[in-house]
Amino acid sequence: MDKRYGHLSLSEQLMLRKQAIDEVLGHPEWSTQEALRHLKKTMRLTSAELAKLSGVHYRTVQDIEQGRSEGSVQTMNRLFGVLGLKLGVVRIAPPGA
């Protein structure tokens with residue numbers, strides 16, 4: 001957990017995880033960069049902590065967050081996999097629908 005925040009109990013951590021997942025799933029219009037930044041912030045993780053949990057290099061996480069890279073599907077699935085999420089294909093609603 002990011003040291004800028006106080007210690008959280010396991011139940012509080014699980015609540016933050018559920019909140020983060022629900023918010024990302026509720027905003028399908030978010031880019032992967034926005035979703036990743038939101039998940040990290042909501043769960044109170046640093047980029048280094050997220051990188052370690054997912055097995056992705058720290059610099060790669062930073063590049064994705066700062067828009068220098070979109071990340072490969074495999075990389076994004078590793079990052080989102082920390083929360084039990086993965087990228088998928090969805091139908092785009094036609095305009096005005």
# chains A, B, ... in the order shown; residues from 1 in each chain; ligands from 1
call {"tool": "select_by_dssp", "arguments": {"residues": "chain A", "states": "alpha helix (DSSP H)", "output": "number ranges by chain"}}
result
A: 10-25, 32-42, 47-54, 58-65, 73-81
call {"tool": "closest_residue", "arguments": {"among": "A:Leu45, A:Leu53, A:Leu39, A:Leu16", "to": "A:Val82", "atoms": "only C-alpha atoms"}}
result
A:Leu53
call {"tool": "residues_around", "arguments": {"residues": "stretch 30-32 of chain A", "least_positions_apart": "4", "cutoff": "9 Å", "atoms": "only C-alpha atoms", "output": "list in words"}}
result
Val24, Leu36, Arg37, Ile64, Glu65, Glu70, Gly71, Met76 and Leu87 of chain A
call {"tool": "closest_residue", "arguments": {"among": "A:Ser69, A:Lys41, A:Glu23, A:Thr75", "to": "A:His57", "atoms": "only C-alpha atoms"}}
result
A:Thr75
call {"tool": "closest_residue", "arguments": {"among": "A:Arg59, A:Gly67, A:Leu50, A:Thr42", "to": "A:Leu14", "atoms": "only C-alpha atoms"}}
result
A:Thr42
call {"tool": "closest_residue", "arguments": {"among": "A:Lys40, A:Ser72, A:Glu49, A:Ala35", "to": "A:Arg17", "atoms": "only C-alpha atoms"}}
result
A:Lys40
call {"tool": "closest_residue", "arguments": {"among": "A:Thr60, A:Ser54, A:Thr46, A:Gln33", "to": "A:Leu83", "atoms": "only C-alpha atoms"}}
result
A:Ser54
call {"tool": "atom_distance", "arguments": {"atom1": "atom CA of A:Arg44", "atom2": "atom CA of A:Gln13"}}
result
9.1 Å
call {"tool": "closest_residue", "arguments": {"among": "A:Gln62, A:Val56, A:Gly84, A:Gln74", "to": "A:Asp22", "atoms": "only C-alpha atoms"}}
result
A:Gly84
